[in-house]
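> Just coords_25.cif, nothing more (mmCIF, C-alpha atoms):
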```
data_target
loop_
_atom_site.group_PDB
_atom_site.id
_atom_site.type_symbol
_atom_site.label_atom_id
_atom_site.label_comp_id
_atom_site.auth_asym_id
_atom_site.auth_seq_id
_atom_site.Cartn_x
_atom_site.Cartn_y
_atom_site.Cartn_z
ATOM 1 C CA MET A 1 76.969 -8.371 0.584
ATOM 2 C CA SER A 2 74.450 -5.676 -0.272
ATOM 3 C CA LEU A 3 71.185 -5.028 1.502
ATOM 4 C CA CYS A 4 67.768 -3.684 0.584
ATOM 5 C CA PHE A 5 66.374 -1.045 2.913
ATOM 6 C CA LEU A 6 63.103 0.764 3.489
ATOM 7 C CA GLN A 7 63.072 4.299 4.827
ATOM 8 C CA PHE A 8 60.004 5.195 6.875
ATOM 9 C CA SER A 9 59.375 8.941 6.905
ATOM 10 C CA GLN A 10 56.745 11.603 7.421
ATOM 11 C CA GLU A 11 53.327 11.015 5.873
ATOM 12 C CA GLY A 12 53.179 12.081 2.244
ATOM 13 C CA GLU A 13 56.891 11.520 1.630
ATOM 14 C CA VAL A 14 58.274 8.910 -0.716
ATOM 15 C CA LYS A 15 59.630 5.766 0.918
ATOM 16 C CA LYS A 16 63.024 4.746 -0.379
ATOM 17 C CA LEU A 17 64.098 1.105 -0.552
ATOM 18 C CA PHE A 18 67.764 0.230 -0.769
ATOM 19 C CA VAL A 19 67.824 -2.904 -2.937
ATOM 20 C CA GLY A 20 70.925 -4.985 -2.430
ATOM 21 C CA ASN A 21 72.605 -8.149 -3.605
ATOM 22 C CA LEU A 22 71.339 -7.366 -7.095
ATOM 23 C CA PRO A 23 72.778 -9.406 -9.952
ATOM 24 C CA TYR A 24 75.287 -7.306 -11.863
ATOM 25 C CA ALA A 25 73.309 -8.018 -15.036
ATOM 26 C CA ALA A 26 70.089 -6.553 -13.570
ATOM 27 C CA ASN A 27 68.864 -3.228 -14.921
ATOM 28 C CA GLU A 28 66.076 -0.867 -13.830
ATOM 29 C CA THR A 29 63.452 -2.758 -15.849
ATOM 30 C CA ASP A 30 64.418 -6.076 -14.238
ATOM 31 C CA VAL A 31 64.092 -4.591 -10.749
ATOM 32 C CA GLN A 32 60.768 -2.886 -11.525
ATOM 33 C CA ASN A 33 59.369 -6.111 -12.995
ATOM 34 C CA PHE A 34 60.579 -8.049 -9.934
ATOM 35 C CA PHE A 35 58.634 -5.785 -7.562
ATOM 36 C CA THR A 36 55.570 -5.806 -9.838
ATOM 37 C CA GLU A 37 55.594 -9.618 -9.975
ATOM 38 C CA ASN A 38 55.645 -9.600 -6.161
ATOM 39 C CA GLY A 39 52.558 -7.358 -6.033
ATOM 40 C CA VAL A 40 54.256 -4.020 -5.359
ATOM 41 C CA THR A 41 53.973 -0.946 -7.590
ATOM 42 C CA VAL A 42 57.082 1.257 -7.468
ATOM 43 C CA ASP A 43 57.348 4.912 -8.485
ATOM 44 C CA SER A 44 61.008 4.869 -9.537
ATOM 45 C CA VAL A 45 63.985 2.515 -9.767
ATOM 46 C CA THR A 46 67.675 3.399 -9.858
ATOM 47 C CA VAL A 47 70.410 0.790 -10.244
ATOM 48 C CA MET A 48 73.703 2.256 -9.042
ATOM 49 C CA ARG A 49 76.529 2.078 -11.568
ATOM 50 C CA ASP A 50 80.274 2.588 -11.502
ATOM 51 C CA ARG A 51 80.965 6.144 -12.604
ATOM 52 C CA PHE A 52 83.854 5.123 -14.858
ATOM 53 C CA THR A 53 82.762 1.805 -16.406
ATOM 54 C CA GLY A 54 78.972 2.180 -16.218
ATOM 55 C CA GLN A 55 78.646 -1.372 -14.867
ATOM 56 C CA ALA A 56 76.075 -2.092 -12.167
ATOM 57 C CA ARG A 57 77.476 -2.109 -8.628
ATOM 58 C CA GLY A 58 75.071 -4.716 -7.220
ATOM 59 C CA PHE A 59 72.635 -2.404 -5.460
ATOM 60 C CA GLY A 60 70.050 0.227 -6.210
ATOM 61 C CA PHE A 61 67.111 2.221 -4.908
ATOM 62 C CA VAL A 62 63.354 1.889 -5.311
ATOM 63 C CA GLU A 63 60.918 4.651 -4.351
ATOM 64 C CA ILE A 64 57.351 3.899 -3.268
ATOM 65 C CA ASN A 65 54.791 6.602 -2.474
ATOM 66 C CA ASP A 66 52.697 4.537 -0.039
ATOM 67 C CA ASP A 67 53.573 3.310 3.487
ATOM 68 C CA ALA A 68 51.519 0.124 3.194
ATOM 69 C CA ALA A 69 52.991 -0.755 -0.204
ATOM 70 C CA ALA A 70 56.497 -0.098 1.099
ATOM 71 C CA GLN A 71 55.946 -2.464 4.018
ATOM 72 C CA ARG A 72 54.474 -5.057 1.615
ATOM 73 C CA ALA A 73 57.600 -4.708 -0.522
ATOM 74 C CA VAL A 74 59.809 -5.576 2.450
ATOM 75 C CA GLU A 75 57.637 -8.537 3.392
ATOM 76 C CA ALA A 76 57.152 -9.794 -0.178
ATOM 77 C CA CYS A 77 60.653 -9.288 -1.566
ATOM 78 C CA HIS A 78 63.012 -10.163 1.289
ATOM 79 C CA GLY A 79 64.794 -13.395 0.491
ATOM 80 C CA LYS A 80 63.322 -13.705 -3.006
ATOM 81 C CA ASP A 81 65.427 -14.644 -6.019
ATOM 82 C CA LEU A 82 66.173 -12.235 -8.874
ATOM 83 C CA LEU A 83 68.227 -13.628 -11.772
ATOM 84 C CA GLY A 84 69.877 -16.189 -9.499
ATOM 85 C CA ARG A 85 70.633 -13.924 -6.510
ATOM 86 C CA THR A 86 68.728 -13.718 -3.237
ATOM 87 C CA LEU A 87 67.726 -10.136 -2.408
ATOM 88 C CA VAL A 88 67.785 -8.732 1.111
ATOM 89 C CA VAL A 89 65.178 -6.132 2.110
ATOM 90 C CA ASN A 90 65.476 -4.071 5.317
ATOM 91 C CA GLU A 91 64.855 -0.580 6.694
ATOM 92 C CA ALA A 92 66.879 2.202 5.068
ATOM 93 C CA ARG A 93 69.414 4.324 6.862
ATOM 94 C CA PRO A 94 70.531 7.802 5.847
ATOM 95 C CA MET A 95 73.813 8.011 3.984
ATOM 96 C CA ALA A 96 76.714 8.595 6.374
ATOM 97 C CA PRO A 97 78.627 11.834 5.828
ATOM 98 C CA ARG A 98 81.877 11.282 3.976
ATOM 99 C CA GLU A 99 85.064 13.249 4.089
ATOM 100 C CA GLY A 100 86.662 14.028 0.778
ATOM 101 C CA GLY A 101 90.267 13.807 0.125
ATOM 102 C CA GLY A 102 92.266 10.726 -0.844
ATOM 103 C CA GLY A 103 93.960 10.301 2.526
ATOM 104 C CA ARG A 104 95.968 13.503 2.612
ATOM 105 C CA PRO A 105 95.952 15.726 5.659
ATOM 106 C CA PRO A 106 94.454 19.202 5.145
ATOM 107 C CA ARG A 107 96.791 21.946 3.935
ATOM 108 C CA GLN A 108 98.057 24.458 6.450
#
```
Translate the structure of the given file into structure tokens.

Amino acid sequence: MSLCFLQFSQEGEVKKLFVGNLPYAANETDVQNFFTENGVTVDSVTVMRDRFTGQARGFGFVEINDDAAAQRAVEACHGKDLLGRTLVVNEARPMAPREGGGGRPPRQ
């Protein structure tokens, strides 16, 4: 299950929504149109794709340059249907740091 998140930050900064449970067929235009139809203007949309196949991974990010519009997006879009899938919209969290490596211990 994927989630959609909203990141609240300092005034003047862009708010970033993590849009989850996206249909794999959805592209950036579909997501932008979805938010527009729900009364929210977004500044940018990115659908995350597999780096090898280029297929959508079922989640993406939407940036909104207005606190009130970002909150409206959460309220208006949570639980709504996009191409047969119910989207989830919640507050964003920063990406957790990841360790590289493939499971091998560090060299000595």
> Wanna dump the stretch 23-71 of chain A-stretch 77-90 of chain A contacts at 12 Å for me, each residue with its shortest atom pair and the distance in Å to one decimal, counting all atoms listed in the file, ordered by chain and number, as CSV?

```
residue,atom,partner,partner_atom,distance
A:Pro23,CA,A:Arg85,CA,6.1
A:Tyr24,CA,A:Leu83,CA,9.5
A:Ala25,CA,A:Leu83,CA,8.2
A:Ala26,CA,A:Leu83,CA,7.5
A:Asn27,CA,A:Leu83,CA,10.9
A:Asp30,CA,A:Leu82,CA,8.4
A:Val31,CA,A:Leu82,CA,8.1
A:Gln32,CA,A:Leu82,CA,11.1
A:Asn33,CA,A:Leu82,CA,10.0
A:Phe34,CA,A:Leu82,CA,7.1
A:Phe35,CA,A:Cys77,CA,7.2
A:Thr36,CA,A:Cys77,CA,10.3
A:Glu37,CA,A:Cys77,CA,9.8
A:Asn38,CA,A:Cys77,CA,6.8
A:Gly39,CA,A:Cys77,CA,9.4
A:Val40,CA,A:Cys77,CA,9.1
A:Gly58,CA,A:Arg85,CA,10.2
A:Phe59,CA,A:Leu87,CA,9.7
A:Gly60,CA,A:Leu87,CA,11.3
A:Phe61,CA,A:Val89,CA,11.1
A:Val62,CA,A:Val89,CA,11.1
A:Ala69,CA,A:Cys77,CA,11.5
A:Ala70,CA,A:Cys77,CA,10.4
A:Gln71,CA,A:Asn90,CA,9.8
```
> Would you work out the distance separating atom CA of A:Arg49 from atom CA of A:Pro97, expressed in Å to one decimal?
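Taking atom CA of A:Arg49 and atom CA of A:Pro97, their separation equals 20.1 Å.
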> Could you tell me how far atom CA of A:Glu28 sits from atom CA of A:Ala56, in Å to one decimal place?
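Distance between the two atoms: 10.2 Å.
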> Of the residues A:Thr41, A:Asn21, A:Thr46, A:Thr53, which is the one nearest to A:Asp66, using only C-alpha atoms?
A:Thr41
> Between atom CA of A:Met48 and atom CA of A:Ala76, what is the spacing in Å?
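Taking atom CA of A:Ala76 and atom CA of A:Met48, their separation equals 22.3 Å.
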> Of the residues A:Val42, A:Phe52, A:Ala68, A:Arg98, which is the one nearest to A:Lys16, using only C-alpha atoms?
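Of A:Val42, A:Phe52, A:Ala68, A:Arg98, the one nearest A:Lys16, counting only C-alpha atoms, is A:Val42.
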> Counting all atoms listed in the file, which of A:Val45, A:Val74, A:Phe18, A:Ile64 gets nearest to A:Ala92?
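Nearest to A:Ala92: A:Phe18.
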> Evaluated on this file, the PyMOL selection byres ((chain A and resi 14) around 6) picks out some residues - which ones are they, written as a list in words?
Glu13, Lys15, Ile64 and Asn65 of chain A
